[in-house]
Amino acid sequence: MAKAKALLLGQIEHAHDSWNALADYAELVTTKARSREEFIKECKEGRLDGVIVAYRTFDSFATTGLFDQELVDALPSSLKFICHNGAGYDQVKVDACTARGIRVSNVPTAVDDATADVNMFLILGALRGFNVSMIALREGKWRGQPLPPLGHDPEGKTLGILGMGGIGRNLKRKAEAFGMKVIYHNRSRLSEELSGGAEYVSFDELLGTSDVLSLNLPLNKNTRHIISTPEFKKMKKGVVIVNTARGAVIDEGALVEALDSGHVWSCGLDVYENEPEIHPGLVANPHVMLVPHMGTYTVETQTAMEEWNIGNVRAVLEKGKLNNIVPEQADM
Ligand SMILES: O=CC(=O)O
């Protein structure tokens with residue numbers, strides 16, 4: 001009987017031994033495609049027939065584009081599992097996969113620490129307004145003239161966390177070490193143990209009482225532009241916004257307007273609506289901290305993520321099931 005095939009979409013950068021060890025169970029194949037069109041053609045010509053599981057990376061989006069209805073329809077009928085190497089799986093349309101009986105996994109927990117670290121870095125950087133003087137220094141102007149505005153301490157400030165998953169909960173602990181008071185809003189209220197005692201508030205209360213608002217929720221059809229002009233209007237003047245989740249949970253144009261009007265004092269962003277493009281109004285504003293989507297960009301975290309994702313591929317090949325499945329498919 002022909003060996004099952006496992007498809008790699010993107011690169012393994014660290015966990016080479018673990019990936020290569022999968023050759024005991026399956027034929028490991030890659031795509032020759034360099035564009036979505038070529039990938040769809042490759043599928044339709046049957047060159048990926050026999051693939052039962054695909055390991056995909058965030059960056060493989062550049063080749064295949066979205067795993068949407070069109071792409072899912074083109075996949076070989078043998079393909080029953082997609083293992084996405086990332087916490088956020090908005091590049092994979094789960095509804096389309098479910099309809100075809102394809103199960104999807106992501107990489108939770110392994111990302112929490114590194115992402116919450118960047119989140120805290122952005123909170124501190126945006127509160128202190130460091131970007132202005134960091135630019136001045138590199139221009140040979142020391143702190144710059146006029147002097148940059150004085151920053152703000154995290155101590156005693158209210159941090160509102162929208163989305164209290166693994167990253168939100170990790171951030172809560174870190175922010176408390178800096179003396180911040182943490183409140184949160186989530187689809188559902190967490191147990192006292194999970195929330196660690198953070199106060200659960202309504203969405204509007206979160207908007208109205210946070211000194212710093214942190215976006216830590218997944219991007220999906222319900223959360224796209226969850227923060228836009230009406231929401232900015234409900235926030236305190238001088239609020240700081242931080243986003244390490246996905247750019248499109250904020251309406252970037254509305255954020256730029258709120259920054260320009262001074263209603264939002266500063267922001268710290270790791271993610272953008274149309275990566276790698278960034279709204280020119282953000283780039284032009286020296287007061288905002290911008291990081292090019294590097295929340296999980298550490299040797300330790302990238303390695304742990306690859307190992308987790310390979311673990312899911314191995315579980316499919318060994319046991320015919322994933323170690324973890326995305327919440328939308330919990331009943332599948
Ligand atoms: O953005 C990073 C991730 O989703 O893991």
# chains A, B, ... in the order shown; residues from 1 in each chain; ligands from 1
call {"tool": "residues_near_ligand", "arguments": {"ligand": "ligand 1", "cutoff": "8 Å", "atoms": "only C-alpha atoms and all ligand atoms", "output": "list in words"}}
result
Phe58, Asn85, Gly86, Ala87, Gly88, Tyr89, Val107, Pro108, Val111, Thr115, Thr244, Ala245, Arg246, Val271, His293, Met294, Gly295 and Thr296 of chain A
call {"tool": "write_last_selection", "arguments": {"atoms": "N, CA, C and O atoms", "output": "short mmCIF file (atom, residue, chain, number, x, y, z; two decimals), in the first residue's frame"}}
result
data_model
loop_
_atom_site.label_atom_id
_atom_site.label_comp_id
_atom_site.auth_asym_id
_atom_site.auth_seq_id
_atom_site.Cartn_x
_atom_site.Cartn_y
_atom_site.Cartn_z
N PHE A 58 2.48 30.66 8.68
CA PHE A 58 1.88 31.98 8.45
C PHE A 58 2.40 32.56 7.12
O PHE A 58 1.66 33.10 6.32
N ASN A 85 0.68 26.54 11.85
CA ASN A 85 1.72 26.89 12.83
C ASN A 85 1.56 28.34 13.29
O ASN A 85 2.26 29.24 12.86
N GLY A 86 0.61 28.56 14.18
CA GLY A 86 0.38 29.89 14.74
C GLY A 86 -0.82 29.82 15.65
O GLY A 86 -1.63 28.87 15.55
N ALA A 87 -0.93 30.80 16.53
CA ALA A 87 -2.09 30.83 17.41
C ALA A 87 -3.31 31.32 16.63
O ALA A 87 -4.38 30.72 16.67
N GLY A 88 -3.12 32.41 15.90
CA GLY A 88 -4.22 33.00 15.12
C GLY A 88 -4.34 32.27 13.79
O GLY A 88 -3.35 32.14 13.07
N TYR A 89 -5.52 31.80 13.47
CA TYR A 89 -5.69 31.00 12.24
C TYR A 89 -6.70 31.66 11.30
O TYR A 89 -7.42 30.98 10.57
N VAL A 107 -1.71 26.55 17.11
CA VAL A 107 -0.68 26.41 18.15
C VAL A 107 -0.98 27.39 19.29
O VAL A 107 -0.54 28.53 19.24
N PRO A 108 -1.75 26.95 20.25
CA PRO A 108 -1.99 27.84 21.39
C PRO A 108 -0.86 27.68 22.42
O PRO A 108 0.10 26.95 22.17
N VAL A 111 2.78 30.22 22.27
CA VAL A 111 3.00 31.61 21.84
C VAL A 111 2.82 32.61 22.98
O VAL A 111 3.17 33.79 22.84
N THR A 115 4.55 36.55 23.12
CA THR A 115 3.62 37.57 22.64
C THR A 115 3.27 38.55 23.76
O THR A 115 3.23 39.77 23.54
N THR A 244 -1.37 43.29 19.71
CA THR A 244 -0.47 42.21 19.26
C THR A 244 -1.30 41.05 18.68
O THR A 244 -0.77 39.96 18.51
N ALA A 245 -2.60 41.29 18.44
CA ALA A 245 -3.49 40.20 18.01
C ALA A 245 -3.47 40.10 16.49
O ALA A 245 -2.64 39.38 15.91
N ARG A 246 -4.35 40.82 15.82
CA ARG A 246 -4.37 40.93 14.37
C ARG A 246 -4.78 42.37 14.04
O ARG A 246 -5.67 42.92 14.69
N VAL A 271 0.93 44.39 14.83
CA VAL A 271 0.14 43.79 13.73
C VAL A 271 -0.64 44.88 13.00
O VAL A 271 -1.00 45.90 13.59
N HIS A 293 5.32 42.70 13.27
CA HIS A 293 4.75 41.38 13.59
C HIS A 293 5.84 40.41 14.07
O HIS A 293 6.21 39.47 13.36
N MET A 294 6.33 40.67 15.27
CA MET A 294 7.42 39.86 15.83
C MET A 294 7.07 39.29 17.19
O MET A 294 7.96 38.93 17.97
N GLY A 295 5.77 39.17 17.47
CA GLY A 295 5.33 38.69 18.78
C GLY A 295 5.96 37.37 19.20
O GLY A 295 6.31 37.18 20.35
N THR A 296 6.10 36.45 18.26
CA THR A 296 6.63 35.12 18.62
C THR A 296 8.04 34.92 18.08
O THR A 296 8.52 33.79 18.00
#
call {"tool": "select_by_dssp", "arguments": {"residues": "stretch 144-255 of chain A", "states": "helix (DSSP H, G or I)", "output": "PyMOL selection string"}}
result
chain A and resi 166-177+192-195+203-209+229-234+247-249+252-255
call {"tool": "closest_residue", "arguments": {"among": "A:Ala74, A:Leu124, A:Ala110, A:Ile161", "to": "A:Ala304", "atoms": "only C-alpha atoms"}}
result
A:Ala110
call {"tool": "select_by_dssp", "arguments": {"residues": "stretch 6-169 of chain A", "states": "strand (DSSP E)", "output": "PyMOL selection string"}}
result
chain A and resi 6-9+26-30+51-57+81-85+103-105+158-162
call {"tool": "residues_around", "arguments": {"residues": "A:Asp90", "least_positions_apart": "3", "cutoff": "7 Å", "atoms": "only C-alpha atoms", "output": "VMD selection string"}}
result
chain A and resid 93 219 to 220
call {"tool": "write_last_selection", "arguments": {"atoms": "N, CA, C and O atoms", "output": "compact mmCIF listing (two decimals), in the first residue's frame"}}
result
# COMPACT_ATOMS: atom_id res chain seq x y z
N LYS A 93 -10.09 29.54 6.58
CA LYS A 93 -11.54 29.71 6.79
C LYS A 93 -12.09 28.37 7.30
O LYS A 93 -12.29 27.41 6.53
N LEU A 219 -8.94 37.28 15.36
CA LEU A 219 -9.66 37.93 14.27
C LEU A 219 -10.61 36.94 13.63
O LEU A 219 -10.21 35.85 13.22
N ASN A 220 -11.89 37.29 13.59
CA ASN A 220 -12.87 36.51 12.83
C ASN A 220 -13.98 37.46 12.39
O ASN A 220 -13.87 38.67 12.62
call {"tool": "closest_residue", "arguments": {"among": "A:Gly160, A:Pro148, A:Gly247, A:Gly238", "to": "A:Asp260", "atoms": "only C-alpha atoms"}}
result
A:Gly238
call {"tool": "residues_around", "arguments": {"residues": "A:Val118", "least_positions_apart": "3", "cutoff": "12 Å", "atoms": "only C-alpha atoms", "output": "PyMOL selection string"}}
result
chain A and resi 111-115+121-126+167+170-171+174-175+214+242-245+268-271+289-298
call {"tool": "write_last_selection", "arguments": {"atoms": "N, CA and C atoms", "output": "compact mmCIF listing (two decimals), in the first residue's frame"}}
result
# COMPACT_ATOMS: atom_id res chain seq x y z
N VAL A 111 2.78 30.22 22.27
CA VAL A 111 3.00 31.61 21.84
C VAL A 111 2.82 32.61 22.98
N ASP A 112 2.25 32.17 24.10
CA ASP A 112 1.75 33.13 25.09
C ASP A 112 2.82 34.04 25.67
N ASP A 113 3.91 33.43 26.13
CA ASP A 113 4.93 34.22 26.83
C ASP A 113 5.54 35.28 25.93
N ALA A 114 6.03 34.85 24.76
CA ALA A 114 6.74 35.79 23.88
C ALA A 114 5.81 36.90 23.41
N THR A 115 4.55 36.55 23.12
CA THR A 115 3.62 37.57 22.64
C THR A 115 3.27 38.55 23.76
N PHE A 121 6.19 45.24 26.30
CA PHE A 121 7.18 46.18 25.71
C PHE A 121 6.44 47.34 25.03
N LEU A 122 5.38 47.01 24.29
CA LEU A 122 4.64 48.06 23.57
C LEU A 122 3.87 48.94 24.56
N ILE A 123 3.33 48.34 25.62
CA ILE A 123 2.63 49.15 26.62
C ILE A 123 3.60 50.15 27.24
N LEU A 124 4.77 49.66 27.65
CA LEU A 124 5.75 50.55 28.29
C LEU A 124 6.24 51.61 27.29
N GLY A 125 6.57 51.15 26.08
CA GLY A 125 7.10 52.08 25.09
C GLY A 125 6.09 53.15 24.72
N ALA A 126 4.82 52.73 24.56
CA ALA A 126 3.79 53.71 24.17
C ALA A 126 3.47 54.64 25.33
N ILE A 167 -2.84 34.54 25.92
CA ILE A 167 -1.96 35.71 25.87
C ILE A 167 -2.47 36.79 26.83
N ASN A 170 -1.64 35.82 30.38
CA ASN A 170 -0.20 35.95 30.61
C ASN A 170 0.15 37.44 30.78
N LEU A 171 -0.43 38.27 29.92
CA LEU A 171 -0.19 39.72 29.99
C LEU A 171 -0.65 40.28 31.34
N LYS A 174 1.94 39.88 33.91
CA LYS A 174 3.10 40.76 33.68
C LYS A 174 2.75 42.20 34.02
N ALA A 175 1.57 42.63 33.62
CA ALA A 175 1.16 44.03 33.85
C ALA A 175 1.03 44.31 35.35
N SER A 214 -5.69 46.93 25.57
CA SER A 214 -4.89 45.93 24.86
C SER A 214 -5.80 44.96 24.12
N VAL A 242 -2.88 49.22 22.44
CA VAL A 242 -1.82 48.26 22.09
C VAL A 242 -2.46 47.04 21.42
N ASN A 243 -1.84 46.61 20.32
CA ASN A 243 -2.40 45.48 19.58
C ASN A 243 -1.30 44.50 19.16
N THR A 244 -1.37 43.29 19.71
CA THR A 244 -0.47 42.21 19.26
C THR A 244 -1.30 41.05 18.68
N ALA A 245 -2.60 41.29 18.44
CA ALA A 245 -3.49 40.20 18.01
C ALA A 245 -3.47 40.10 16.49
N GLY A 268 0.87 51.22 20.48
CA GLY A 268 1.96 50.29 20.23
C GLY A 268 1.40 49.13 19.44
N LEU A 269 1.94 48.92 18.24
CA LEU A 269 1.37 47.90 17.36
C LEU A 269 2.41 46.90 16.90
N ASP A 270 2.00 45.64 16.88
CA ASP A 270 2.84 44.58 16.31
C ASP A 270 2.19 44.03 15.04
N VAL A 271 0.93 44.39 14.83
CA VAL A 271 0.14 43.79 13.73
C VAL A 271 -0.64 44.88 13.00
N MET A 289 4.67 53.38 18.61
CA MET A 289 5.67 52.30 18.57
C MET A 289 5.19 51.27 17.56
N LEU A 290 6.00 50.97 16.58
CA LEU A 290 5.60 50.01 15.56
C LEU A 290 6.63 48.88 15.47
N VAL A 291 6.16 47.67 15.58
CA VAL A 291 7.03 46.48 15.47
C VAL A 291 6.45 45.63 14.32
N PRO A 292 7.30 45.11 13.44
CA PRO A 292 6.78 44.36 12.27
C PRO A 292 6.40 42.90 12.58
N HIS A 293 5.32 42.70 13.27
CA HIS A 293 4.75 41.38 13.59
C HIS A 293 5.84 40.41 14.07
N MET A 294 6.33 40.67 15.27
CA MET A 294 7.42 39.86 15.83
C MET A 294 7.07 39.29 17.19
N GLY A 295 5.77 39.17 17.47
CA GLY A 295 5.33 38.69 18.78
C GLY A 295 5.96 37.37 19.20
N THR A 296 6.10 36.45 18.26
CA THR A 296 6.63 35.12 18.62
C THR A 296 8.04 34.92 18.08
N TYR A 297 8.70 36.01 17.71
CA TYR A 297 9.96 35.92 16.97
C TYR A 297 11.15 35.70 17.91
N THR A 298 11.18 34.55 18.57
CA THR A 298 12.34 34.18 19.38
C THR A 298 12.69 32.72 19.03
call {"tool": "closest_residue", "arguments": {"among": "A:Thr158, A:Glu257, A:Asp95, A:Glu306", "to": "A:Asn285", "atoms": "only C-alpha atoms"}}
result
A:Glu257
call {"tool": "residues_around", "arguments": {"residues": "A:Lys234", "least_positions_apart": "5", "cutoff": "10 Å", "atoms": "only C-alpha atoms", "output": "VMD selection string"}}
result
chain A and resid 204 to 209 229
call {"tool": "residues_around", "arguments": {"residues": "A:Tyr55", "least_positions_apart": "6", "cutoff": "8 Å", "atoms": "only C-alpha atoms", "output": "list in words"}}
result
Ala6, Leu7, Leu8, Leu9, Ile82, Cys83, His84, Asn85, Asn309, Ile310 and Val313 of chain A
call {"tool": "residues_around", "arguments": {"residues": "A:Arg189", "least_positions_apart": "5", "cutoff": "12 Å", "atoms": "only C-alpha atoms", "output": "PyMOL selection string"}}
result
chain A and resi 162-165+183-184+194-203
call {"tool": "atom_distance", "arguments": {"atom1": "atom CA of A:Met305", "atom2": "atom CA of A:Asp49"}}
result
27.2 Å
call {"tool": "closest_residue", "arguments": {"among": "A:Gln302, A:Asn312, A:Ser133, A:Gln145", "to": "A:Ala54", "atoms": "only C-alpha atoms"}}
result
A:Asn312
call {"tool": "closest_residue", "arguments": {"among": "A:Pro218, A:Pro276, A:Pro149, A:Gly129", "to": "A:Val249", "atoms": "only C-alpha atoms"}}
result
A:Pro218
call {"tool": "atom_distance", "arguments": {"atom1": "atom CA of A:Gln91", "atom2": "atom CA of A:Asp68"}}
result
8.0 Å
call {"tool": "decode", "arguments": {"residues": "stretch 192-229 of chain A", "atoms": "N, CA and C atoms", "output": "mmCIF file, in the first residue's frame"}}
result
data_model
loop_
_atom_site.group_PDB
_atom_site.id
_atom_site.type_symbol
_atom_site.label_atom_id
_atom_site.label_comp_id
_atom_site.auth_asym_id
_atom_site.auth_seq_id
_atom_site.Cartn_x
_atom_site.Cartn_y
_atom_site.Cartn_z
ATOM 1 N N GLU A 192 -12.932 32.496 38.435
ATOM 2 C CA GLU A 192 -12.030 33.305 39.251
ATOM 3 C C GLU A 192 -10.585 32.791 39.105
ATOM 4 N N GLU A 193 -10.462 31.472 39.053
ATOM 5 C CA GLU A 193 -9.129 30.873 38.975
ATOM 6 C C GLU A 193 -8.435 31.249 37.652
ATOM 7 N N LEU A 194 -9.191 31.145 36.545
ATOM 8 C CA LEU A 194 -8.598 31.461 35.245
ATOM 9 C C LEU A 194 -8.299 32.947 35.093
ATOM 10 N N SER A 195 -9.219 33.786 35.583
ATOM 11 C CA SER A 195 -9.025 35.234 35.404
ATOM 12 C C SER A 195 -7.988 35.771 36.378
ATOM 13 N N GLY A 196 -7.629 34.978 37.357
ATOM 14 C CA GLY A 196 -6.634 35.415 38.337
ATOM 15 C C GLY A 196 -7.120 36.608 39.141
ATOM 16 N N GLY A 197 -8.458 36.745 39.219
ATOM 17 C CA GLY A 197 -9.004 37.832 40.032
ATOM 18 C C GLY A 197 -9.197 39.139 39.266
ATOM 19 N N ALA A 198 -8.868 39.152 37.961
ATOM 20 C CA ALA A 198 -9.105 40.394 37.187
ATOM 21 C C ALA A 198 -10.609 40.642 37.121
ATOM 22 N N GLU A 199 -11.001 41.895 37.150
ATOM 23 C CA GLU A 199 -12.431 42.233 37.154
ATOM 24 C C GLU A 199 -13.014 42.094 35.749
ATOM 25 N N TYR A 200 -14.143 41.395 35.638
ATOM 26 C CA TYR A 200 -14.837 41.265 34.342
ATOM 27 C C TYR A 200 -15.753 42.468 34.165
ATOM 28 N N VAL A 201 -15.658 43.155 33.043
ATOM 29 C CA VAL A 201 -16.517 44.323 32.796
ATOM 30 C C VAL A 201 -17.165 44.188 31.417
ATOM 31 N N SER A 202 -18.212 44.989 31.182
ATOM 32 C CA SER A 202 -18.856 44.975 29.858
ATOM 33 C C SER A 202 -17.893 45.604 28.848
ATOM 34 N N PHE A 203 -18.197 45.408 27.583
ATOM 35 C CA PHE A 203 -17.358 45.977 26.515
ATOM 36 C C PHE A 203 -17.294 47.504 26.664
ATOM 37 N N ASP A 204 -18.464 48.128 26.878
ATOM 38 C CA ASP A 204 -18.491 49.592 26.985
ATOM 39 C C ASP A 204 -17.728 50.095 28.211
ATOM 40 N N GLU A 205 -17.830 49.334 29.310
ATOM 41 C CA GLU A 205 -17.102 49.743 30.504
ATOM 42 C C GLU A 205 -15.593 49.635 30.274
ATOM 43 N N LEU A 206 -15.207 48.591 29.557
ATOM 44 C CA LEU A 206 -13.785 48.419 29.233
ATOM 45 C C LEU A 206 -13.290 49.626 28.439
ATOM 46 N N LEU A 207 -14.101 50.011 27.431
ATOM 47 C CA LEU A 207 -13.702 51.142 26.590
ATOM 48 C C LEU A 207 -13.620 52.415 27.420
ATOM 49 N N GLY A 208 -14.584 52.592 28.314
ATOM 50 C CA GLY A 208 -14.719 53.862 29.043
ATOM 51 C C GLY A 208 -13.763 54.018 30.221
ATOM 52 N N THR A 209 -13.217 52.917 30.727
ATOM 53 C CA THR A 209 -12.403 53.047 31.951
ATOM 54 C C THR A 209 -10.925 52.705 31.767
ATOM 55 N N SER A 210 -10.552 52.160 30.622
ATOM 56 C CA SER A 210 -9.139 51.762 30.456
ATOM 57 C C SER A 210 -8.250 52.972 30.193
ATOM 58 N N ASP A 211 -7.085 52.998 30.863
ATOM 59 C CA ASP A 211 -6.046 53.972 30.501
ATOM 60 C C ASP A 211 -5.228 53.411 29.339
ATOM 61 N N VAL A 212 -5.074 52.096 29.366
ATOM 62 C CA VAL A 212 -4.411 51.388 28.262
ATOM 63 C C VAL A 212 -5.366 50.286 27.830
ATOM 64 N N LEU A 213 -5.645 50.225 26.532
ATOM 65 C CA LEU A 213 -6.519 49.155 26.032
ATOM 66 C C LEU A 213 -5.669 48.201 25.196
ATOM 67 N N SER A 214 -5.695 46.926 25.570
ATOM 68 C CA SER A 214 -4.888 45.932 24.861
ATOM 69 C C SER A 214 -5.801 44.959 24.123
ATOM 70 N N LEU A 215 -5.536 44.773 22.832
ATOM 71 C CA LEU A 215 -6.362 43.870 22.009
ATOM 72 C C LEU A 215 -5.692 42.497 21.982
ATOM 73 N N ASN A 216 -6.358 41.513 22.531
ATOM 74 C CA ASN A 216 -5.795 40.156 22.623
ATOM 75 C C ASN A 216 -6.796 39.111 22.185
ATOM 76 N N LEU A 217 -7.617 39.476 21.212
ATOM 77 C CA LEU A 217 -8.678 38.559 20.779
ATOM 78 C C LEU A 217 -8.402 38.086 19.353
ATOM 79 N N PRO A 218 -8.927 36.910 18.976
ATOM 80 C CA PRO A 218 -8.678 36.434 17.611
ATOM 81 C C PRO A 218 -9.454 37.259 16.581
ATOM 82 N N LEU A 219 -8.935 37.282 15.363
ATOM 83 C CA LEU A 219 -9.660 37.934 14.267
ATOM 84 C C LEU A 219 -10.612 36.940 13.632
ATOM 85 N N ASN A 220 -11.888 37.295 13.588
ATOM 86 C CA ASN A 220 -12.866 36.510 12.833
ATOM 87 C C ASN A 220 -13.978 37.458 12.394
ATOM 88 N N LYS A 221 -15.031 36.906 11.796
ATOM 89 C CA LYS A 221 -16.038 37.823 11.240
ATOM 90 C C LYS A 221 -16.718 38.669 12.323
ATOM 91 N N ASN A 222 -16.720 38.203 13.548
ATOM 92 C CA ASN A 222 -17.350 38.974 14.633
ATOM 93 C C ASN A 222 -16.422 40.032 15.230
ATOM 94 N N THR A 223 -15.123 39.886 15.019
ATOM 95 C CA THR A 223 -14.200 40.813 15.688
ATOM 96 C C THR A 223 -13.510 41.790 14.731
ATOM 97 N N ARG A 224 -13.737 41.615 13.410
ATOM 98 C CA ARG A 224 -13.138 42.551 12.451
ATOM 99 C C ARG A 224 -13.623 43.979 12.758
ATOM 100 N N HIS A 225 -12.713 44.902 12.897
ATOM 101 C CA HIS A 225 -13.027 46.314 13.204
ATOM 102 C C HIS A 225 -13.872 46.461 14.466
ATOM 103 N N ILE A 226 -13.627 45.616 15.441
ATOM 104 C CA ILE A 226 -14.383 45.723 16.696
ATOM 105 C C ILE A 226 -14.065 47.063 17.366
ATOM 106 N N ILE A 227 -12.898 47.619 17.031
ATOM 107 C CA ILE A 227 -12.539 48.956 17.501
ATOM 108 C C ILE A 227 -12.501 49.889 16.288
ATOM 109 N N SER A 228 -13.479 50.810 16.253
ATOM 110 C CA SER A 228 -13.533 51.786 15.165
ATOM 111 C C SER A 228 -13.975 53.128 15.753
ATOM 112 N N THR A 229 -14.389 54.068 14.917
ATOM 113 C CA THR A 229 -14.684 55.426 15.402
ATOM 114 C C THR A 229 -15.655 55.458 16.588
#
